[in-house]
$ cat query_23.txt   # compact mmCIF, C-alpha atoms
# COMPACT_ATOMS: atom_id res chain seq x y z
CA MET K 1 94.67 130.32 82.92
CA SER K 2 95.60 129.86 79.32
CA LEU K 3 98.85 131.18 78.01
CA ARG K 4 99.10 128.92 75.00
CA ARG K 5 98.71 131.72 72.52
CA GLY K 6 100.86 130.38 69.75
CA VAL K 7 103.11 127.57 68.65
CA MET K 8 106.80 128.32 68.76
CA GLY K 9 108.77 127.78 65.60
CA GLY K 10 109.79 129.54 62.44
CA HIS K 11 112.63 132.00 62.16
CA HIS K 12 110.37 135.01 61.73
CA LEU K 13 108.77 134.21 65.07
CA VAL K 14 112.18 134.00 66.70
CA ALA K 15 113.11 137.33 65.18
CA ALA K 16 109.85 138.82 66.40
CA ALA K 17 110.43 137.41 69.87
CA ALA K 18 113.96 138.79 69.96
CA PHE K 19 112.66 142.18 68.88
CA LEU K 20 110.03 142.08 71.64
CA LEU K 21 112.70 141.27 74.18
CA LEU K 22 114.68 144.31 73.11
CA ALA K 23 111.67 146.56 72.83
CA THR K 24 110.15 145.71 76.23
CA PRO K 25 110.77 148.74 78.43
CA THR K 26 112.40 148.04 81.77
CA THR K 27 110.10 149.16 84.56
CA SER K 28 112.79 149.52 87.20
CA ALA K 29 115.71 151.72 86.30
CA GLN K 30 117.80 151.03 89.40
CA SER K 31 117.61 147.24 89.21
CA PRO K 32 120.82 145.52 88.03
CA THR K 33 118.78 142.81 86.32
CA PRO K 34 115.24 144.02 85.76
CA GLY K 35 112.31 141.64 85.78
CA GLY K 36 112.29 139.25 82.89
CA MET K 37 115.79 140.16 81.72
CA PRO K 38 118.78 137.81 81.71
CA PRO K 39 121.59 138.38 84.23
CA PRO K 40 124.02 141.08 83.04
CA PRO K 41 127.40 139.97 81.62
CA GLY K 42 129.68 138.72 84.36
CA MET K 43 126.87 137.83 86.78
CA SER K 44 126.26 134.10 87.18
CA MET K 45 122.77 132.68 87.01
CA ALA K 46 123.15 131.48 90.60
CA THR K 47 124.04 134.99 91.84
CA SER K 48 121.15 136.49 89.91
CA ALA K 49 118.72 133.85 91.23
CA ALA K 50 119.90 134.40 94.82
CA MET K 51 119.05 138.11 94.51
CA ARG K 52 115.48 137.21 93.57
CA PHE K 53 114.39 136.24 97.13
CA PRO K 54 114.12 132.47 96.46
CA GLN K 55 110.96 131.09 98.04
CA PRO K 56 110.21 127.51 99.09
CA VAL K 57 107.91 125.66 96.72
CA ARG K 58 106.73 122.06 96.65
CA VAL K 59 108.00 120.19 93.58
CA GLY K 60 104.55 118.69 93.04
CA ASP K 61 103.07 122.20 92.91
CA LEU K 62 105.47 123.14 90.09
CA LEU K 63 104.69 120.20 87.81
CA LYS K 64 102.58 120.89 84.72
CA ARG K 65 102.84 124.65 85.24
CA ASP K 66 103.17 126.80 82.14
CA VAL K 67 106.61 128.10 81.25
CA ILE K 68 106.48 131.46 79.51
CA GLN K 69 108.82 133.95 77.95
CA PRO K 70 109.41 137.08 80.07
CA VAL K 71 107.90 139.50 77.59
CA GLU K 72 104.67 141.46 77.64
CA SER K 73 102.98 138.98 75.29
CA GLN K 74 103.90 136.15 77.72
CA ASN K 75 104.59 133.69 74.89
CA PHE K 76 104.07 130.08 75.89
CA LEU K 77 107.30 128.06 75.81
CA GLY K 78 106.32 124.75 77.39
CA THR K 79 105.37 123.07 80.67
CA VAL K 80 107.32 121.84 83.69
CA GLN K 81 107.58 118.04 83.53
CA GLN K 82 109.99 117.25 86.34
CA ILE K 83 112.58 118.69 88.73
CA VAL K 84 115.83 116.70 88.79
CA ARG K 85 119.13 116.76 90.66
CA ASN K 86 122.15 116.60 88.35
CA PRO K 87 125.20 114.45 89.27
CA ASP K 88 127.03 117.68 90.25
CA GLY K 89 124.30 118.47 92.80
CA THR K 90 122.66 121.33 90.89
CA LEU K 91 118.93 121.33 90.27
CA ALA K 92 117.32 121.49 86.87
CA ALA K 93 113.80 121.69 85.53
CA ILE K 94 112.83 119.30 82.74
CA ILE K 95 110.67 121.42 80.48
CA ASN K 96 108.47 120.02 77.74
CA LEU K 97 109.40 122.52 75.10
CA GLY K 98 107.06 123.71 72.38
CA GLY K 99 104.48 121.47 70.82
CA PHE K 100 100.77 121.98 70.47
CA LEU K 101 98.13 120.33 72.68
CA GLY K 102 100.82 118.01 73.99
CA PHE K 103 102.03 116.84 70.57
CA GLY K 104 105.40 117.64 69.08
CA SER K 105 107.07 118.77 72.31
CA ARG K 106 110.41 117.49 73.56
CA PRO K 107 111.96 117.57 77.03
CA VAL K 108 115.02 119.74 77.71
CA SER K 109 116.94 120.24 80.93
CA VAL K 110 117.14 123.89 82.08
CA PRO K 111 119.11 124.96 85.19
CA LEU K 112 116.69 125.92 87.97
CA ASP K 113 118.60 129.19 88.43
CA ALA K 114 117.56 130.19 84.92
CA LEU K 115 113.92 130.17 86.02
CA VAL K 116 111.81 132.52 88.10
CA LEU K 117 108.41 131.95 89.66
CA LEU K 118 105.72 134.42 88.80
CA GLY K 119 102.55 133.46 90.60
CA GLN K 120 101.12 130.45 88.81
CA VAL K 121 103.59 130.45 85.92
CA VAL K 122 107.31 129.92 85.52
CA GLU K 123 109.46 132.24 83.41
CA VAL K 124 112.77 131.46 81.74
CA ASP K 125 114.79 134.63 82.13
CA ALA K 126 118.36 133.47 81.43
CA PHE K 127 117.74 131.79 78.04
CA THR K 128 116.11 133.09 74.89
CA PRO K 129 113.61 130.81 73.14
CA ALA K 130 116.24 130.28 70.42
CA GLN K 131 118.79 129.16 73.03
CA LEU K 132 116.22 126.82 74.57
CA ARG K 133 115.55 125.20 71.22
CA GLN K 134 119.27 124.51 70.80
CA LEU K 135 119.39 122.49 74.04
CA PRO K 136 119.69 118.73 73.53
CA THR K 137 116.67 116.54 74.17
CA TYR K 138 116.76 115.33 77.75
CA SER K 139 116.99 111.60 78.28
CA PRO K 140 116.42 110.15 81.78
CA GLY K 141 119.39 108.40 83.31
CA THR K 142 122.09 110.37 85.07
CA ALA K 143 119.86 112.98 86.79
CA ALA K 144 117.69 111.92 89.74
CA PRO K 145 114.05 113.12 89.74
CA LEU K 146 112.87 114.83 92.95
CA SER K 147 109.74 113.50 94.62
CA PRO K 148 106.59 115.65 94.42
CA GLY K 149 106.79 116.24 98.17
CA ALA K 150 110.30 117.70 98.04
CA ILE K 151 110.69 121.43 98.75
CA ILE K 152 113.01 123.49 96.56
CA LYS K 153 113.67 127.23 96.43
CA ILE K 154 113.06 129.34 93.38
CA GLY K 155 113.54 133.07 92.76
CA LEU K 156 110.73 135.53 92.02
CA ALA K 157 110.07 138.24 89.45
CA LYS K 158 107.47 140.91 88.98
CA PRO K 159 105.02 140.46 86.11
CA SER K 160 106.51 141.21 82.69
CA HIS K 161 103.36 142.79 81.35
CA MET M 1 86.74 150.14 41.50
CA ASN M 2 87.90 153.72 41.81
CA SER M 3 87.04 155.73 44.86
CA LEU M 4 83.71 157.53 44.66
CA PHE M 5 85.47 160.63 45.90
CA ARG M 6 87.95 160.74 43.03
CA PRO M 7 87.08 163.61 40.67
CA ARG M 8 86.02 162.53 37.17
CA LYS M 9 88.16 165.18 35.63
CA ARG M 10 91.66 164.99 37.07
CA PRO M 11 94.10 167.89 37.23
CA ASP M 12 97.23 167.87 35.10
CA ALA M 13 99.86 165.60 36.64
CA ALA M 14 102.46 168.33 36.18
CA ILE M 15 100.89 170.20 39.08
CA LEU M 16 102.52 167.68 41.43
CA ASP M 17 105.96 168.54 40.08
CA ASP M 18 105.30 172.28 40.36
CA HIS M 19 104.42 172.04 44.05
CA ARG M 20 106.77 169.27 45.15
CA PRO M 21 108.50 171.28 47.97
CA LEU M 22 105.15 172.32 49.41
CA LEU M 23 103.84 168.73 49.31
CA ARG M 24 106.92 167.52 51.15
CA SER M 25 106.41 170.03 53.93
CA LEU M 26 102.81 168.95 54.61
CA GLU M 27 103.80 166.10 56.94
CA ARG M 28 100.39 164.61 56.99
CA ARG M 29 101.24 162.08 59.66
CA GLY M 30 102.50 164.80 61.95
CA LEU M 31 99.20 166.57 61.59
CA ILE M 32 97.25 163.42 62.48
CA ARG M 33 99.51 162.77 65.43
CA GLY M 34 99.18 166.31 66.73
CA GLY M 35 95.41 166.29 66.33
CA LEU M 36 95.06 163.02 68.19
CA SER M 37 97.22 163.94 71.15
CA LEU M 38 95.31 167.18 71.65
CA GLY M 39 91.92 165.62 71.29
CA ALA M 40 90.57 162.12 71.44
CA LEU M 41 93.71 160.33 72.58
CA THR M 42 94.08 162.47 75.64
CA MET M 43 90.49 161.90 76.64
CA LEU M 44 90.53 158.15 76.08
CA THR M 45 93.81 156.91 77.51
CA GLY M 46 95.67 157.17 80.75
CA CYS M 47 98.90 157.80 78.87
CA ASP M 48 101.24 160.45 80.07
CA VAL M 49 100.88 162.74 77.07
CA SER M 50 100.92 166.44 77.70
CA ARG M 51 97.40 167.57 78.42
CA PRO M 52 95.91 170.80 79.63
CA LYS M 53 95.22 171.13 83.34
CA SER M 54 91.54 171.73 82.69
CA VAL M 55 91.23 168.29 81.05
CA GLU M 56 93.18 166.73 83.89
CA ASP M 57 90.90 168.34 86.47
CA ALA M 58 87.77 167.26 84.62
CA LEU M 59 88.95 163.64 84.43
CA LEU M 60 89.90 163.69 88.09
CA ALA M 61 86.50 165.07 89.04
CA ILE M 62 84.81 162.20 87.17
CA SER M 63 87.09 159.70 88.91
CA ARG M 64 86.24 161.15 92.33
CA MET M 65 82.56 160.98 91.45
CA ASN M 66 83.05 157.28 90.63
CA ASP M 67 84.70 156.90 94.04
CA ASP M 68 81.67 158.48 95.72
CA VAL M 69 79.25 156.23 93.82
CA GLN M 70 81.29 153.15 94.79
CA ALA M 71 81.38 154.28 98.43
CA TRP M 72 77.61 154.75 98.32
CA LEU M 73 77.07 151.26 96.82
CA PHE M 74 79.46 149.60 99.31
CA ASP M 75 77.75 147.19 101.69
CA PRO M 76 79.85 146.89 104.86
CA ASN M 77 78.20 143.60 105.80
CA LYS M 78 78.64 141.79 102.48
CA LEU M 79 81.51 139.31 102.55
CA ALA M 80 83.78 138.60 99.59
CA PRO M 81 83.90 134.97 98.37
CA THR M 82 86.24 132.65 100.27
CA TYR M 83 87.89 129.46 99.01
CA PRO M 84 89.12 126.09 100.32
CA ALA M 85 92.70 126.01 101.61
CA SER M 86 93.56 123.48 98.87
CA MET M 87 93.30 126.28 96.28
CA VAL M 88 95.90 128.51 97.95
CA LEU M 89 98.85 129.45 95.73
CA LYS M 90 102.18 128.85 97.48
CA PRO M 91 104.22 130.98 97.41
CA PRO M 92 102.01 133.98 96.53
CA LYS M 93 102.65 136.15 93.51
CA PHE M 94 105.13 138.98 93.93
CA ASN M 95 104.24 142.42 92.66
CA ALA M 96 105.38 145.97 93.34
CA TYR M 97 106.13 149.09 91.34
CA TYR M 98 109.74 147.81 91.12
CA ASP M 99 111.31 144.40 90.58
CA VAL M 100 111.83 141.87 93.36
CA MET M 101 115.59 142.52 93.54
CA ASP M 102 114.92 146.04 94.80
CA VAL M 103 112.93 144.80 97.79
CA LYS M 104 114.50 146.15 101.00
CA PRO M 105 113.73 143.64 103.76
CA VAL M 106 112.47 145.10 107.03
CA ASN M 107 114.03 144.02 110.34
CA GLY M 108 111.07 142.77 112.38
CA VAL M 109 112.94 143.19 115.70
CA ASP M 110 113.55 146.94 115.30
CA TRP M 111 110.31 147.51 113.46
CA ARG M 112 107.62 149.64 115.11
CA LEU M 113 104.13 150.49 113.90
CA GLU M 114 103.71 154.25 114.42
CA LEU M 115 100.25 155.74 114.95
CA SER M 116 99.06 159.28 114.31
CA GLY M 117 95.95 161.34 113.69
CA LEU M 118 92.56 160.72 115.32
CA ILE M 119 93.76 157.93 117.63
CA ALA M 120 93.48 158.05 121.43
CA ASP M 121 96.51 155.87 122.26
CA LYS M 122 99.33 156.70 119.85
CA ARG M 123 102.02 154.53 121.44
CA PRO M 124 103.90 152.58 118.77
CA TRP M 125 103.37 148.81 118.49
CA THR M 126 105.95 146.04 118.30
CA LEU M 127 105.46 142.85 116.30
CA PRO M 128 104.95 140.56 119.35
CA GLN M 129 102.27 142.97 120.65
CA ILE M 130 100.44 142.82 117.32
CA ASN M 131 100.75 139.03 117.17
CA ALA M 132 99.13 138.82 120.62
CA LEU M 133 95.92 140.46 119.32
CA PRO M 134 92.95 138.30 118.16
CA GLN M 135 93.75 136.76 114.77
CA ARG M 136 91.58 135.96 111.80
CA THR M 137 92.38 133.87 108.70
CA GLU M 138 90.87 134.52 105.28
CA VAL M 139 91.31 132.52 102.07
CA ILE M 140 90.49 135.21 99.55
CA LYS M 141 91.26 136.17 95.99
CA HIS M 142 93.83 138.87 95.27
CA ILE M 143 92.64 140.68 92.14
CA CYS M 144 95.10 142.98 90.40
CA VAL M 145 94.05 145.94 88.28
CA GLU M 146 96.32 144.46 85.59
CA GLY M 147 93.93 141.52 85.20
CA TRP M 148 95.62 138.64 87.04
CA ASP M 149 94.51 137.07 90.29
CA TYR M 150 95.36 134.30 92.75
CA ILE M 151 93.88 132.77 95.87
CA GLY M 152 95.82 133.35 99.08
CA GLU M 153 95.49 132.47 102.74
CA TRP M 154 96.15 135.47 104.98
CA THR M 155 96.22 135.65 108.77
CA GLY M 156 96.39 138.70 110.98
CA VAL M 157 94.49 140.99 113.29
CA PRO M 158 91.38 142.51 111.67
CA LEU M 159 92.01 146.22 111.11
CA ARG M 160 88.71 146.93 112.90
CA THR M 161 89.94 145.12 116.03
CA PHE M 162 93.19 147.08 115.94
CA LEU M 163 91.48 150.45 115.40
CA GLU M 164 89.07 149.76 118.28
CA ARG M 165 91.98 148.70 120.52
CA VAL M 166 93.92 151.92 119.98
CA GLY M 167 90.85 154.11 120.34
CA ALA M 168 90.69 155.40 116.78
CA ASP M 169 87.86 157.71 115.75
CA LEU M 170 85.77 155.19 113.79
CA HIS M 171 83.73 158.05 112.29
CA ALA M 172 86.77 159.60 110.63
CA LYS M 173 86.84 159.46 106.84
CA TYR M 174 90.15 157.79 106.08
CA VAL M 175 92.72 155.30 107.30
CA ALA M 176 96.10 156.07 105.72
CA PHE M 177 99.25 153.95 105.60
CA LYS M 178 102.94 154.66 105.20
CA THR M 179 105.28 151.88 104.14
CA ALA M 180 108.99 151.10 104.15
CA ASP M 181 109.02 151.06 100.33
CA ASP M 182 107.56 154.58 100.04
CA TYR M 183 104.16 153.41 98.85
CA PRO M 184 101.65 155.60 100.68
CA SER M 185 98.06 154.40 100.57
CA SER M 186 94.70 155.21 102.11
CA ILE M 187 91.27 153.63 102.31
CA ASP M 188 87.80 154.72 103.46
CA MET M 189 86.78 153.97 107.05
CA PRO M 190 83.84 151.64 106.15
CA SER M 191 86.25 149.44 104.17
CA ALA M 192 88.79 149.59 106.99
CA LEU M 193 86.13 148.26 109.36
CA HIS M 194 85.05 145.42 107.02
CA PRO M 195 85.58 142.00 108.68
CA GLN M 196 87.77 140.81 105.78
CA THR M 197 90.24 143.69 106.05
CA LEU M 198 93.30 142.39 107.91
CA LEU M 199 96.66 143.66 109.08
CA ALA M 200 98.22 140.45 107.77
CA THR M 201 101.33 138.93 109.35
CA GLN M 202 101.11 135.39 107.94
CA TYR M 203 100.60 133.68 104.61
CA ALA M 204 99.46 130.03 104.39
CA GLY M 205 100.25 129.55 108.07
CA ASP M 206 103.83 130.86 107.88
CA THR M 207 105.29 134.24 108.79
CA LEU M 208 105.08 136.60 105.81
CA ALA M 209 108.19 136.35 103.62
CA ASP M 210 110.19 139.49 102.83
CA PRO M 211 108.93 140.04 99.28
CA PHE M 212 105.30 139.93 100.41
CA GLY M 213 105.44 142.63 103.07
CA TYR M 214 107.08 141.27 106.26
CA PRO M 215 106.38 142.12 109.00
CA LEU M 216 102.96 143.73 108.39
CA ARG M 217 100.82 144.43 105.35
CA LEU M 218 97.24 145.27 104.58
CA ARG M 219 95.14 142.53 103.01
CA THR M 220 91.58 143.44 102.13
CA SER M 221 89.28 141.24 100.08
CA ILE M 222 87.10 144.14 99.02
CA LYS M 223 89.60 146.24 97.06
CA LEU M 224 91.94 145.80 94.12
CA GLY M 225 95.50 144.61 94.75
CA TYR M 226 97.11 148.05 94.65
CA LYS M 227 95.07 149.05 97.74
CA ASN M 228 97.03 146.52 99.82
CA PRO M 229 100.23 148.28 100.97
CA LYS M 230 103.07 146.04 102.14
CA TRP M 231 105.82 146.68 104.76
CA ILE M 232 103.51 149.07 106.69
CA THR M 233 105.35 151.35 109.13
CA ALA M 234 102.66 153.86 110.12
CA ILE M 235 98.89 154.20 110.30
CA GLU M 236 97.06 157.52 110.41
CA VAL M 237 93.34 158.06 110.99
CA THR M 238 92.31 161.32 109.37
CA ASN M 239 89.59 163.37 107.73
CA THR M 240 92.07 164.71 105.18
CA TYR M 241 92.31 162.95 101.82
CA LEU M 242 95.87 161.70 101.36
CA GLY M 243 95.52 159.59 98.20
CA GLY M 244 98.23 157.08 97.46
CA TYR M 245 101.12 156.07 95.19
CA TRP M 246 99.07 155.02 92.14
CA GLU M 247 96.20 157.37 92.94
CA LYS M 248 98.57 160.30 92.43
CA GLN M 249 99.19 158.90 88.94
CA GLY M 250 95.49 158.80 88.12
CA PHE M 251 94.34 155.41 89.44
CA PRO M 252 90.89 155.39 91.08
CA TRP M 253 91.10 155.83 94.84
CA PHE M 254 88.16 153.71 96.04
CA ALA M 255 89.01 150.69 93.82
CA GLY M 256 86.34 148.45 95.31
CA ILE M 257 85.56 144.97 94.00

$ encode --input "query_23.txt" --output "C-alpha cells"
Amino acid sequence: MSLRRGVMGGHHLVAAAAFLLLATPTTSAQSPTPGGMPPPPGMSMATSAAMRFPQPVRVGDLLKRDVIQPVESQNFLGTVQQIVRNPDGTLAAIINLGGFLGFGSRPVSVPLDALVLLGQVVEVDAFTPAQLRQLPTYSPGTAAPLSPGAIIKIGLAKPSH
Amino acid sequence: MNSLFRPRKRPDAAILDDHRPLLRSLERRGLIRGGLSLGALTMLTGCDVSRPKSVEDALLAISRMNDDVQAWLFDPNKLAPTYPASMVLKPPKFNAYYDVMDVKPVNGVDWRLELSGLIADKRPWTLPQINALPQRTEVIKHICVEGWDYIGEWTGVPLRTFLERVGADLHAKYVAFKTADDYPSSIDMPSALHPQTLLATQYAGDTLADPFGYPLRLRTSIKLGYKNPKWITAIEVTNTYLGGYWEKQGFPWFAGI
C-alpha cells in the first residue's frame, strides 16, 4: 500500500489541494458532514467524531500508518508516530508531517477527534494541509504516550475516492 | 516547421474579418463535445450521459453474457485463498453508498430474518436461533470493485447450512437479500452454496459492529465487495432475476473473483 505520491510543500500545491477539496463532489447529500469533509460551522470536532461510529483500535496497530488527505487523490500527509494523552485528558495523535523517505518530516500534535480511520489509513478531516503545517513542532514532555497495547476509539469514514 | 497540411498559397487574411460573426458561431468545442457524447464516449464509459435505449440494451446484453460466462467458469469446489489471523485488519474498513454518519443501527433484539420464495419453512429467525446454528470462520480478503482490499476474519453460519436447514430449493437460480439500508442484492445459487459464503455475525471474534452490518450480513470470498449486503432483513430463494442496488446502475451482476 503506497500512498506517498508526492511531497507536500509549495504554495501552488496548497492551492491545488484546496481546489481539490472544494471540487470533490459530496457523495451523500443528506449527511451533515459528508465523508472527508470538516465538521460544519458550530459543530465541535468531538461531536462530529462521535457521529462517526468510533471503533476500538489498538494503539500499536495505528503506529506507522499513513495519514492522508480526504480527497480523491489521497495525498500523503505523513505517518502516525504516537498516540498521547494531553494534560487535559484529551487524546492526540503525533503525526510525522511531510518529508520524503523519512527525511525532512517534523512531528505535530493533532487532536484524535480530527482524525478518521479508513481501513488501513488514517485521514485528517478537520484540518487542511495548510492548517497542519502551521501547527507547532511537537516536543515530548507534557503529554503522556499511550502504550502499544492500549485500546482507543476512533471514528470511521467512507473512502474519499 | 510548418504543418504539412497548411496550403502553400494562403487566402487573403481579410477573409477572416469578412466572416467574423460566422466564425464565432462555429463553437468548435461544442461540436467535439456533442460528437463524443453521442459516439465513442457513451460506448466506452459508465458515465451517466444521455444515451439511446438501444445502446443501453446492447451494453446490458453484453454484461449479462459476461455473467453467463463467469457462471459457466465458476468452480463450486475451488476455495478462495485464506490468510493467517495475524493479518486481519481491526477494525475492518467501512464502506457503503453513503457515509458512515448515515448508518442506521439495527436493534438485534427486535430484528427478525424473514424468509420467502422457494423455501419450505418460512418462519422468521431470531438472532439467538441463528447463532445456535453450526458456525464457520474464514480469514479472507475483501476485494472492492474500486480497487482496495483488506483481510478480514468473519464468523457465521454457512449460507448453504442455513438454506438446507430451512428447506430451500437448492436448484433454484437465485438467492436474493433485502437489507435495512435499502440495498437489495442477489447471487446465483452455486455461489450461495459455496463453503466460503457465510451469513456473518462476527468479525475477528467479536459481534459485528453497527457500521459493518450488525446483526447479520453476507460475506462471500468469491465475489466482489458490493455483492456482500449488510444489515440483512430478508432472504428470498427465487427463479426470478432481481438484480441489486449497483446492478441496476450498470454494475455486473455475477461479479465473481

$ closest_residue --input "query_23.txt" --among "M:Leu115, M:Val100, M:Ala168, M:Leu242" --to "chain K" --atoms "only C-alpha atoms"
M:Val100

$ closest_residue --input "query_23.txt" --among "M:Ala71, M:Val166, M:Ala204, M:Leu23" --to "M:Val88" --atoms "all atoms listed in the file"
M:Ala204

$ closest_residue --input "query_23.txt" --among "K:Ile154, K:Val108, K:Val84, K:Val122" --to "K:Thr142" --atoms "only C-alpha atoms"
K:Val84

$ closest_residue --input "query_23.txt" --among "M:His142, M:Arg136, M:Lys227, M:Arg112" --to "chain K" --atoms "all atoms listed in the file"
M:His142

$ residues_around --input "query_23.txt" --residues "stretch 55-68 of chain K" --least-positions-apart "4" --cutoff "8 Å" --atoms "only C-alpha atoms" --output "PyMOL selection string"
(chain K and resi 3+74-83+95+120-124+146-156) or (chain M and resi 90-91)

$ residues_around --input "query_23.txt" --residues "M:Tyr83" --least-positions-apart "3" --cutoff "8 Å" --atoms "all atoms listed in the file" --output "count of residues only"
4

$ closest_atom_pairs --input "query_23.txt" --of "chain M" --to "chain K" --cutoff "6 Å" --atoms "only C-alpha atoms" --output "Markdown table"
| residue | atom | partner | partner_atom | distance |
| --- | --- | --- | --- | --- |
| M:Pro92 | CA | K:Gly119 | CA | 6.0 |
| M:Lys93 | CA | K:Gly119 | CA | 4.0 |
| M:Phe94 | CA | K:Lys158 | CA | 5.8 |
| M:Asn95 | CA | K:Lys158 | CA | 5.1 |
| M:Tyr98 | CA | K:Ser28 | CA | 5.3 |
| M:Asp99 | CA | K:Lys158 | CA | 5.4 |
| M:Val100 | CA | K:Ala157 | CA | 5.6 |
| M:Met101 | CA | K:Arg52 | CA | 5.3 |

$ closest_residue --input "query_23.txt" --among "M:Trp154, M:Phe212, M:Tyr241, M:Tyr174" --to "M:Ala200" --atoms "all atoms listed in the file"
M:Trp154

$ residues_near_point --input "query_23.txt" --point "(117.8, 113.4, 70.9)" --cutoff "10 Å" --atoms "only C-alpha atoms" --output "NGL selection string"
:K and (106-108 or 135-139)

$ write_last_selection --input "query_23.txt" --atoms "C-alpha atoms" --output "mmCIF file, in the frame of the given file"
data_model
loop_
_atom_site.group_PDB
_atom_site.id
_atom_site.type_symbol
_atom_site.label_atom_id
_atom_site.label_comp_id
_atom_site.auth_asym_id
_atom_site.auth_seq_id
_atom_site.Cartn_x
_atom_site.Cartn_y
_atom_site.Cartn_z
ATOM 1 C CA ARG K 106 110.410 117.490 73.560
ATOM 2 C CA PRO K 107 111.960 117.570 77.030
ATOM 3 C CA VAL K 108 115.020 119.740 77.710
ATOM 4 C CA LEU K 135 119.390 122.490 74.040
ATOM 5 C CA PRO K 136 119.690 118.730 73.530
ATOM 6 C CA THR K 137 116.670 116.540 74.170
ATOM 7 C CA TYR K 138 116.760 115.330 77.750
ATOM 8 C CA SER K 139 116.990 111.600 78.280
#

$ atom_distance --input "query_23.txt" --atom1 "atom CA of M:Glu236" --atom2 "atom CA of M:Pro211"
23.9 Å
